[in-house]
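Text of run-v2.txt (compact mmCIF, C-alpha atoms and all ligand atoms) as supplied:
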```txt
# COMPACT_ATOMS: atom_id res chain seq x y z
CA MET F 1 149.49 121.48 96.14
CA ALA F 2 151.22 118.50 97.46
CA LYS F 3 150.39 115.35 95.68
CA LYS F 4 151.16 115.10 92.04
CA SER F 5 147.99 113.73 90.62
CA ALA F 6 148.35 112.23 87.21
CA PHE F 7 144.61 112.13 87.07
CA VAL F 8 142.94 114.39 84.58
CA VAL F 9 139.22 114.70 85.02
CA VAL F 10 138.74 117.03 82.13
CA ASN F 11 141.10 117.03 79.22
CA PHE F 12 139.74 118.08 75.90
CA MET F 13 140.05 120.19 72.83
CA THR F 14 138.04 123.38 72.70
CA ASP F 15 135.20 123.64 70.21
CA GLY F 16 137.46 124.83 67.43
CA GLU F 17 139.63 121.69 67.82
CA LYS F 18 142.71 123.79 67.03
CA ASP F 19 142.91 125.64 70.30
CA PHE F 20 144.23 122.91 72.60
CA ASN F 21 142.94 123.40 76.06
CA THR F 22 143.74 121.33 79.11
CA MET F 23 142.05 122.00 82.38
CA VAL F 24 142.58 119.84 85.40
CA VAL F 25 140.06 119.95 88.21
CA THR F 26 140.36 117.38 90.96
CA PRO F 27 140.04 117.84 94.74
CA TRP F 28 143.87 118.07 94.79
CA GLU F 29 144.75 119.98 91.71
CA VAL F 30 143.23 122.87 89.79
CA LYS F 31 145.11 124.05 86.76
CA GLY F 32 144.74 125.65 83.37
CA GLU F 33 142.01 127.84 81.96
CA ILE F 34 138.73 126.85 83.62
CA ASP F 35 135.68 126.48 81.40
CA TYR F 36 132.83 126.31 83.91
CA LYS F 37 130.24 125.35 81.33
CA LYS F 38 132.22 122.28 80.38
CA LEU F 39 132.91 121.50 84.02
CA VAL F 40 129.21 121.53 84.89
CA LYS F 41 128.53 119.22 81.98
CA LYS F 42 131.38 116.87 82.82
CA PHE F 43 130.54 116.69 86.54
CA GLY F 44 126.81 116.44 85.81
CA THR F 45 125.80 119.34 88.07
CA THR F 46 123.20 122.02 87.27
CA PHE F 47 123.56 125.77 86.84
CA LEU F 48 121.74 127.78 89.48
CA SER F 49 118.66 129.30 87.88
CA THR F 50 116.53 132.32 88.65
CA LYS F 51 113.99 129.91 90.16
CA GLU F 52 116.22 128.94 93.09
CA ILE F 53 117.64 132.43 93.38
CA THR F 54 114.18 133.96 93.64
CA GLN F 55 113.24 131.41 96.28
CA ILE F 56 116.25 132.31 98.42
CA LYS F 57 115.04 135.92 98.40
CA GLU F 58 111.91 134.82 100.26
CA TYR F 59 114.12 133.90 103.20
CA SER F 60 116.60 136.74 103.01
CA GLY F 61 114.16 139.63 102.98
CA GLY F 62 114.71 140.29 99.28
CA GLU F 63 118.48 140.61 99.57
CA LEU F 64 120.96 138.40 97.74
CA HIS F 65 124.54 137.91 98.82
CA LEU F 66 127.00 139.48 96.39
CA LEU F 67 128.66 136.12 95.79
CA LEU F 68 125.34 134.77 94.57
CA ARG F 69 124.12 137.87 92.80
CA ARG F 70 127.36 138.20 90.85
CA GLY F 71 127.63 134.48 90.17
CA LEU F 72 130.67 133.19 92.08
CA PHE F 73 128.24 130.58 93.39
CA PHE F 74 126.90 129.26 90.14
CA SER F 75 126.09 125.55 90.20
CA HIS F 76 124.30 123.04 92.41
CA ARG F 77 122.98 119.57 93.05
CA ASP F 78 119.47 119.37 94.50
CA PHE F 79 119.47 122.84 95.99
CA ASP F 80 115.87 123.12 94.75
CA TRP F 81 115.03 120.00 96.75
CA ILE F 82 116.56 121.55 99.89
CA LEU F 83 114.19 124.51 99.49
CA GLN F 84 111.20 122.23 98.85
CA MET F 85 111.94 120.23 101.99
CA LEU F 86 112.21 123.45 103.93
CA LYS F 87 108.75 124.47 102.72
CA LYS F 88 107.47 121.13 104.03
CA GLY F 89 109.01 121.87 107.40
CA GLU F 90 112.15 119.74 107.12
CA LYS F 91 115.05 121.93 108.06
CA PHE F 92 118.45 121.25 106.51
CA VAL F 93 121.90 121.60 108.02
CA LEU F 94 125.00 123.04 106.39
CA TYR F 95 128.24 121.13 105.97
CA THR F 96 131.53 122.50 104.73
CA GLY F 97 135.21 121.98 105.43
CA ARG F 98 138.83 122.89 105.14
CA GLY F 99 141.95 120.86 104.48
CA PRO F 100 144.46 122.45 106.87
CA SER F 101 147.50 122.52 104.60
CA GLY F 102 148.70 125.97 105.62
CA HIS F 103 147.56 129.40 106.68
CA THR F 104 144.16 130.66 105.57
CA HIS F 105 144.04 133.05 102.63
CA LEU F 106 141.34 135.32 101.29
CA GLY F 107 140.29 132.72 98.68
CA HIS F 108 139.47 130.26 101.48
CA LEU F 109 137.32 132.80 103.29
CA VAL F 110 135.07 133.34 100.27
CA PRO F 111 132.91 130.18 100.56
CA TRP F 112 132.89 130.56 104.35
CA ILE F 113 131.55 134.10 104.12
CA PHE F 114 128.76 132.79 101.91
CA THR F 115 128.12 129.85 104.26
CA LYS F 116 127.72 132.29 107.14
CA TRP F 117 125.14 134.20 105.11
CA LEU F 118 123.21 130.96 104.52
CA GLN F 119 123.46 130.08 108.21
CA ASP F 120 122.11 133.50 109.16
CA ILE F 121 119.18 133.63 106.76
CA PHE F 122 118.03 130.05 107.30
CA ASN F 123 119.07 129.93 110.97
CA VAL F 124 120.53 126.43 110.67
CA ASP F 125 123.30 124.32 112.18
CA LEU F 126 126.67 124.12 110.49
CA TYR F 127 129.08 121.18 110.60
CA PHE F 128 132.61 122.27 109.75
CA GLN F 129 135.15 119.54 109.02
CA LEU F 130 138.90 120.06 109.43
CA THR F 131 140.62 117.31 107.50
CA ASP F 132 144.03 117.18 109.15
CA ASP F 133 144.18 113.48 108.22
CA GLU F 134 143.62 114.26 104.52
CA LYS F 135 146.42 116.80 104.35
CA PHE F 136 148.78 114.44 106.16
CA LEU F 137 147.93 111.50 103.90
CA PHE F 138 148.04 113.38 100.61
CA ASN F 139 151.12 115.45 101.29
CA GLN F 140 154.49 113.73 101.66
CA LYS F 141 156.05 116.76 103.36
CA PHE F 142 153.66 117.06 106.27
CA THR F 143 153.91 115.52 109.69
CA PHE F 144 150.58 114.69 111.29
CA GLN F 145 151.37 117.19 114.02
CA GLU F 146 151.83 120.00 111.49
CA SER F 147 148.47 119.49 109.86
CA GLN F 148 146.83 119.25 113.30
CA ASN F 149 148.40 122.59 114.25
CA PHE F 150 147.16 124.20 111.05
CA ALA F 151 143.68 122.85 111.79
CA TYR F 152 143.60 124.96 114.97
CA GLU F 153 145.06 128.00 113.17
CA ASN F 154 142.43 127.69 110.42
CA ALA F 155 139.65 127.17 112.96
CA LYS F 156 140.48 130.62 114.38
CA ASP F 157 139.78 132.12 110.96
CA ILE F 158 136.60 130.11 110.61
CA LEU F 159 135.22 131.42 113.89
CA ALA F 160 136.42 134.94 113.05
CA VAL F 161 134.09 134.86 110.03
CA GLY F 162 131.33 135.12 112.63
CA PHE F 163 129.34 131.89 112.45
CA ASN F 164 126.55 131.51 114.99
CA PRO F 165 128.43 130.11 118.02
CA GLU F 166 125.42 128.13 119.24
CA LYS F 167 124.90 126.43 115.91
CA THR F 168 128.43 125.72 114.71
CA HIS F 169 130.14 122.38 115.29
CA PHE F 170 133.64 121.27 114.36
CA ILE F 171 134.70 117.85 113.19
CA PHE F 172 138.44 117.44 113.63
CA ASP F 173 139.35 114.27 111.76
CA SER F 174 142.30 113.50 114.04
CA GLN F 175 139.82 113.52 116.94
CA LEU F 176 137.28 111.25 115.27
CA THR F 177 134.96 109.43 117.65
CA LYS F 178 132.98 106.21 117.77
CA THR F 179 129.85 107.45 115.96
CA MET F 180 131.84 109.14 113.22
CA TYR F 181 134.14 106.16 112.68
CA GLN F 182 131.19 103.83 112.45
CA ILE F 183 129.57 105.94 109.73
CA ALA F 184 132.84 106.16 107.78
CA VAL F 185 133.18 102.36 107.89
CA GLU F 186 129.60 101.90 106.64
CA VAL F 187 130.44 104.20 103.72
CA ALA F 188 133.80 102.54 103.02
CA LYS F 189 132.18 99.10 102.72
CA ARG F 190 129.98 100.38 99.89
CA VAL F 191 132.61 102.05 97.71
CA THR F 192 134.73 99.72 95.62
CA PHE F 193 138.36 100.37 94.76
CA SER F 194 137.42 100.51 91.10
CA THR F 195 134.91 103.34 91.76
CA ALA F 196 137.47 105.21 93.87
CA LYS F 197 140.05 104.83 91.10
CA ALA F 198 137.63 106.08 88.47
CA VAL F 199 136.44 109.06 90.51
CA PHE F 200 139.67 110.13 92.22
CA GLY F 201 142.35 108.66 89.98
CA PHE F 202 144.08 106.56 92.64
CA VAL F 203 146.97 104.50 91.34
CA ASN F 204 148.96 101.55 92.69
CA GLU F 205 151.36 103.98 94.34
CA SER F 206 148.59 105.76 96.28
CA ASN F 207 148.87 104.92 99.97
CA ILE F 208 145.94 103.02 101.46
CA GLY F 209 145.05 105.93 103.77
CA MET F 210 144.23 108.02 100.71
CA ILE F 211 141.94 105.33 99.40
CA PHE F 212 139.98 105.15 102.66
CA TYR F 213 139.90 108.94 103.07
CA PRO F 214 136.83 109.71 100.87
CA SER F 215 134.65 107.84 103.36
CA ILE F 216 135.82 110.30 106.04
CA GLN F 217 134.80 113.29 103.93
CA ALA F 218 131.46 111.60 103.18
CA MET F 219 130.76 110.92 106.87
CA PRO F 220 129.54 114.43 107.88
CA CYS F 221 126.80 114.14 105.23
CA PHE F 222 125.19 111.46 107.41
CA LEU F 223 126.32 112.47 110.89
CA PRO F 224 123.42 114.92 111.47
CA SER F 225 120.92 112.15 110.68
CA VAL F 226 122.60 109.80 113.13
CA LEU F 227 122.82 112.48 115.84
CA GLN F 228 119.20 113.54 115.42
CA GLY F 229 117.86 110.01 114.96
CA LYS F 230 115.99 110.93 111.77
CA ASN F 231 116.85 111.75 108.19
CA VAL F 232 118.22 115.30 107.90
CA PRO F 233 118.81 117.09 104.56
CA VAL F 234 122.37 118.39 104.20
CA LEU F 235 123.51 121.28 102.00
CA ILE F 236 127.22 121.65 101.18
CA PRO F 237 128.54 125.05 100.05
CA ALA F 238 132.00 124.45 98.56
CA ALA F 239 134.19 125.08 95.54
CA ILE F 240 133.34 122.83 92.63
CA ASP F 241 136.59 120.85 92.86
CA GLN F 242 135.12 119.02 95.88
CA ASP F 243 132.24 117.64 93.85
CA PRO F 244 133.77 114.17 93.21
CA TYR F 245 133.35 113.49 96.94
CA TRP F 246 129.66 114.30 96.80
CA ARG F 247 129.20 112.13 93.76
CA ILE F 248 130.31 108.99 95.58
CA THR F 249 128.50 110.04 98.77
CA ARG F 250 125.27 110.46 96.82
CA ASP F 251 125.67 106.95 95.36
CA VAL F 252 126.06 105.44 98.80
CA ALA F 253 123.31 107.45 100.55
CA PRO F 254 120.26 105.38 99.45
CA LYS F 255 122.10 102.15 100.26
CA LEU F 256 122.42 103.38 103.84
CA GLY F 257 118.90 104.80 103.97
CA TYR F 258 119.92 108.47 104.11
CA TYR F 259 119.06 111.46 101.94
CA LYS F 260 121.58 112.32 99.26
CA PRO F 261 123.56 115.44 100.25
CA ALA F 262 122.84 118.56 98.19
CA ALA F 263 125.55 120.97 97.12
CA ILE F 264 125.97 124.56 96.02
CA HIS F 265 129.22 125.16 94.16
CA CYS F 266 131.44 128.18 93.71
CA LYS F 267 134.06 129.01 91.13
CA PHE F 268 137.72 129.44 92.08
CA PHE F 269 138.67 132.78 93.49
CA PRO F 270 141.43 134.48 91.48
CA GLY F 271 144.91 135.02 92.86
CA LEU F 272 146.99 138.17 92.50
CA ALA F 273 149.26 136.74 89.82
CA GLU F 274 148.26 136.34 86.21
CA GLY F 275 145.46 133.75 85.77
CA GLY F 276 144.80 130.84 88.13
CA LYS F 277 143.28 130.68 91.58
CA MET F 278 144.69 131.93 94.84
CA SER F 279 147.26 129.34 95.78
CA ALA F 280 149.04 129.04 99.11
CA SER F 281 152.03 127.48 97.37
CA GLU F 282 152.70 130.89 95.80
CA PRO F 283 152.69 133.23 98.84
CA ASP F 284 152.86 136.40 96.77
CA SER F 285 149.75 135.41 94.84
CA CYS F 286 147.59 135.46 97.93
CA ILE F 287 146.59 137.54 100.87
CA PHE F 288 146.87 135.51 104.07
CA THR F 289 144.59 136.35 106.97
CA THR F 290 147.70 136.62 109.11
CA ASP F 291 149.48 139.05 106.75
CA ASP F 292 150.30 142.43 108.17
CA PRO F 293 147.63 144.70 106.59
CA ASN F 294 150.31 147.03 105.17
CA LYS F 295 152.16 144.08 103.64
CA ALA F 296 148.87 142.91 102.10
CA LYS F 297 148.37 146.31 100.54
CA LYS F 298 151.89 146.08 99.06
CA LYS F 299 151.04 142.70 97.51
CA ILE F 300 148.05 144.32 95.88
CA MET F 301 150.18 147.16 94.56
CA ARG F 302 152.28 144.49 92.77
CA ALA F 303 149.30 142.45 91.51
CA PHE F 304 148.63 141.50 87.93
CA THR F 305 146.07 143.80 86.28
CA GLY F 306 144.47 144.19 82.89
CA GLY F 307 146.55 147.31 82.30
CA ARG F 308 148.59 148.19 79.23
CA ALA F 309 152.36 148.56 79.05
CA THR F 310 152.39 152.35 79.24
CA ILE F 311 150.11 155.13 80.46
CA GLU F 312 149.80 156.44 76.89
CA GLU F 313 148.65 153.05 75.63
CA GLN F 314 146.25 152.70 78.52
CA LYS F 315 144.67 156.05 77.73
CA LYS F 316 144.46 155.23 74.05
CA LEU F 317 143.36 151.57 74.12
CA GLY F 318 141.72 151.34 77.54
CA GLY F 319 142.36 148.59 80.10
CA GLN F 320 141.04 145.02 80.16
CA PRO F 321 138.84 144.52 83.22
CA GLU F 322 137.86 140.97 82.20
CA ILE F 323 141.42 139.72 82.82
CA CYS F 324 142.12 142.03 85.76
CA ASN F 325 142.25 140.41 89.20
CA ILE F 326 141.86 143.77 90.93
CA TYR F 327 138.56 144.18 89.09
CA TRP F 328 137.35 140.68 90.05
CA TYR F 329 138.17 141.28 93.72
CA GLU F 330 136.00 144.40 93.63
CA TYR F 331 133.33 142.60 91.64
CA TYR F 332 132.92 139.56 93.87
CA LEU F 333 133.86 140.89 97.29
CA PHE F 334 134.52 144.55 97.83
CA GLU F 335 132.19 146.68 95.68
CA PRO F 336 128.52 145.83 96.22
CA ASP F 337 127.23 148.96 94.50
CA ASP F 338 126.24 147.99 90.93
CA LYS F 339 126.56 151.54 89.62
CA LYS F 340 130.05 151.95 91.05
CA ILE F 341 131.32 148.63 89.72
CA GLU F 342 129.89 149.39 86.29
CA LYS F 343 131.55 152.81 86.30
CA MET F 344 134.85 151.20 87.26
CA ARG F 345 134.53 148.83 84.30
CA SER F 346 133.47 151.41 81.74
CA ASP F 347 136.05 154.00 82.86
CA CYS F 348 138.74 151.33 82.62
CA LEU F 349 137.63 150.30 79.12
CA ALA F 350 137.58 153.94 78.07
CA GLY F 351 141.14 154.51 79.28
CA LYS F 352 139.98 156.99 81.92
CA LEU F 353 141.20 154.91 84.82
CA LEU F 354 144.78 153.94 85.59
CA CYS F 355 145.80 150.75 87.39
CA GLY F 356 147.54 152.58 90.23
CA THR F 357 144.25 154.22 91.22
CA CYS F 358 142.40 150.88 91.31
CA LYS F 359 145.19 149.12 93.21
CA LYS F 360 145.30 151.85 95.84
CA ARG F 361 141.55 151.78 96.30
CA LEU F 362 141.43 147.99 96.65
CA GLY F 363 144.57 148.00 98.81
CA GLU F 364 142.87 150.28 101.34
CA LYS F 365 139.73 148.11 101.41
CA VAL F 366 141.74 144.92 101.92
CA LYS F 367 143.81 146.58 104.63
CA GLN F 368 140.65 147.47 106.52
CA PHE F 369 139.12 144.04 105.93
CA LEU F 370 142.23 142.33 107.35
CA ALA F 371 142.44 144.64 110.35
CA ASP F 372 138.80 143.83 111.20
CA HIS F 373 139.26 140.09 110.65
CA GLN F 374 142.42 140.03 112.74
CA SER F 375 140.83 141.84 115.64
CA ARG F 376 138.13 139.13 115.75
CA ARG F 377 140.67 136.35 115.17
CA GLU F 378 142.89 137.42 118.09
CA LYS F 379 140.05 136.83 120.50
CA ILE F 380 139.57 133.17 119.50
CA THR F 381 141.20 130.81 121.98
CA LYS F 382 141.95 127.09 121.76
CA GLU F 383 139.27 126.49 124.39
CA MET F 384 136.65 128.19 122.22
CA ILE F 385 137.56 125.84 119.37
CA ASP F 386 137.74 122.68 121.51
CA GLU F 387 134.35 123.45 122.96
CA LYS F 388 132.84 123.17 119.47
CA ILE F 389 134.49 119.90 118.46
CA ILE F 390 131.97 117.06 118.26
CA LYS F 391 132.90 114.40 120.78
CA THR F 392 130.27 111.69 120.36
N1 LIG N 401 138.86 118.33 101.07
C1 LIG N 401 138.68 119.70 101.49
C2 LIG N 401 139.98 120.48 101.29
O1 LIG N 401 141.00 119.94 100.95
C3 LIG N 401 138.23 119.79 102.93
C4 LIG N 401 136.79 119.43 103.14
C5 LIG N 401 136.30 118.41 103.93
C6 LIG N 401 135.67 120.11 102.60
N2 LIG N 401 134.95 118.41 103.91
C7 LIG N 401 134.51 119.43 103.11
C8 LIG N 401 135.53 121.22 101.76
C9 LIG N 401 133.25 119.86 102.77
C10 LIG N 401 134.26 121.65 101.43
C11 LIG N 401 133.12 120.96 101.93
O2 LIG N 401 140.00 121.66 101.48
```

Now, as a test, write the supplied structure out as structure tokens.
Ligand code: TRP
Amino acid sequence: MAKKSAFVVVNFMTDGEKDFNTMVVTPWEVKGEIDYKKLVKKFGTTFLSTKEITQIKEYSGGELHLLLRRGLFFSHRDFDWILQMLKKGEKFVLYTGRGPSGHTHLGHLVPWIFTKWLQDIFNVDLYFQLTDDEKFLFNQKFTFQESQNFAYENAKDILAVGFNPEKTHFIFDSQLTKTMYQIAVEVAKRVTFSTAKAVFGFVNESNIGMIFYPSIQAMPCFLPSVLQGKNVPVLIPAAIDQDPYWRITRDVAPKLGYYKPAAIHCKFFPGLAEGGKMSASEPDSCIFTTDDPNKAKKKIMRAFTGGRATIEEQKKLGGQPEICNIYWYEYYLFEPDDKKIEKMRSDCLAGKLLCGTCKKRLGEKVKQFLADHQSRREKITKEMIDEKIIKT
């Protein structure tokens, strides 16, 4: 990631005090071993409970998306309220976004796939923000034109995920209009520099565009209310590193007379290298949607696994699925069958399964997934994207 943020949201010793553990989670930097329990506590969010999960089933015909059932989406703010409002007849809208800093990888698609599921089961509108301004402001290397180009490239992937074309609207920050600018300015007036410093870690060297930017990311939380002329509940599916934005937006909301936005958070999707999340700055650690499917399979064949040094050791000691990225890809995305995933885990632990077999199996699935995604992506034109950009 571009900007070097000196800001550490979470920096602590683990319970034992001896085992020094530093995790950094900000909207611009995610690093170290992530302890989600501590993150939820620190951010002040709430774990999803069976109560909300059971309620979703009422709308989805008893089914639960794998990403929810297996816990990649794990935390929320006011998701229970969203469901209550729905019961009372007040429909919510979805809001999510993407900072166009490069090509889309599989890790980016994960929350979008889940967002599509929510859009389908609740039959609601989706506002999708492409923050080409953010990536330009926070990244010294980028020209504004480059991040604008990536916004269009990423939008192709977004539409290829299969959102309802009638109910999906883009906000391209570089094409901001009167209504949107006015909302951003109303937000900006109510966030002090000292709050922004405390929440985002801005320093004297931060450029003033960065300091204004959070009001732009807050704006879509209120845009639906302005467009519809009445208060509209908003639900944001996103990775938990975006939560600082929602915290300040929720503080401002009552001052402006709007509902506070609700959020449903996911964990970070693992990369192919040891530990960490999928990161575009390490091309071999991620599968890009534009990768040739055979090349993607090769990346998987070289991925980090929980395997032992030799076949003999593997057979004797068994593998370590809990640290194996191949296993987590199957678990969260590619193997919905509970019996099959459990067999994969127990066979691995028992030393009955070798890494080559698992890599090949996943490699084939990813190859197919990419081929399907790319055939949808190819059909998306600039006109189809432009048509969905909000222009009021
Ligand atoms: N800041 C996000 C990023 O860098 C982009 C973004 C804007 C976003 N609005 C959002 C992400 C809403 C999730 C939800 O990727």

Residue nearest Arg190 of chain F - candidates F:Ser206, F:Thr249, F:Gln242, F:Thr168, atoms counted: all atoms listed in the file:
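Under the stated criterion, the closest residue is F:Thr249.
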
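The shortest atom-to-atom distance to ligand LIG 401 (chain N), with all atoms listed in the file taken into account, belongs to F:Gln217 out of F:Asn164, F:Gln84, F:Gln217, F:Asn149.
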
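Between atom CA of Phe334 of chain F and atom CA of Asp292 of chain F lies a distance of 19.0 Å.
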
Quiz prompt | Selection as a PyMOL selection string: residues within 8 Å of ligand LIG 401 (chain N) by only C-alpha atoms and all ligand atoms | solution = chain F and resi 27-28+95-101+128-131+134-135+217-218+220+236-239+242

Contact residues around Ala350 of chain F with all atoms listed in the file at 7 Å, ignoring same-chain residues under 3 positions, as an mmCIF file with C-alpha atoms, in the coordinates of the input:
```cif
data_model
loop_
_atom_site.group_PDB
_atom_site.id
_atom_site.type_symbol
_atom_site.label_atom_id
_atom_site.label_comp_id
_atom_site.auth_asym_id
_atom_site.auth_seq_id
_atom_site.Cartn_x
_atom_site.Cartn_y
_atom_site.Cartn_z
ATOM 1 C CA GLY F 318 141.720 151.340 77.540
ATOM 2 C CA SER F 346 133.470 151.410 81.740
ATOM 3 C CA ASP F 347 136.050 154.000 82.860
#
```

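Comparing the minimum interatomic distances between Met301 of chain F and each of F:His103, F:Lys31, F:Arg70, F:Lys359, counting all atoms listed in the file, we find that F:Lys359 sits nearest.
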
*asked:* Taking (133.4, 103.7, 95.7) as a centre in this file's frame and 12 Å as the limit, can you find every polymer residue with an atom that close, using all atoms listed in the file, and give them as a PyMOL selection string?
replied: chain F and resi 186-202+211-215+218+244-253

Restricting to only C-alpha atoms, whichever of F:Glu274, F:Glu330, F:Asp133, F:Asp372 is closest to Gln175 of chain F is F:Asp133

Review point. How many Å lie between atom CA of Gly319 of chain F and atom CA of Gly351 of chain F, rounded to one decimal?
Key: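 Calculated distance between atom CA of Gly319 of chain F and atom CA of Gly351 of chain F is 6.1 Å.
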
Problem set entry | Shortest interatomic distance to Phe172 of chain F - which of F:Cys266, F:Leu106, F:Ile385, F:Leu256, counting all atoms listed in the file |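 Of F:Cys266, F:Leu106, F:Ile385, F:Leu256, the one nearest Phe172 of chain F, counting all atoms listed in the file, is F:Ile385.
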
Using only C-alpha atoms, the shortest atom-to-atom distance to Tyr36 of chain F among F:Thr310, F:Gln320, F:Ser75, F:Thr50 belongs to F:Ser75

Self-check item: Between atom CA of Ala303 of chain F and atom CA of Lys267 of chain F, distance in Å (one decimal)
Solution: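 For atom CA of Ala303 of chain F relative to atom CA of Lys267 of chain F, the distance reads 20.3 Å.
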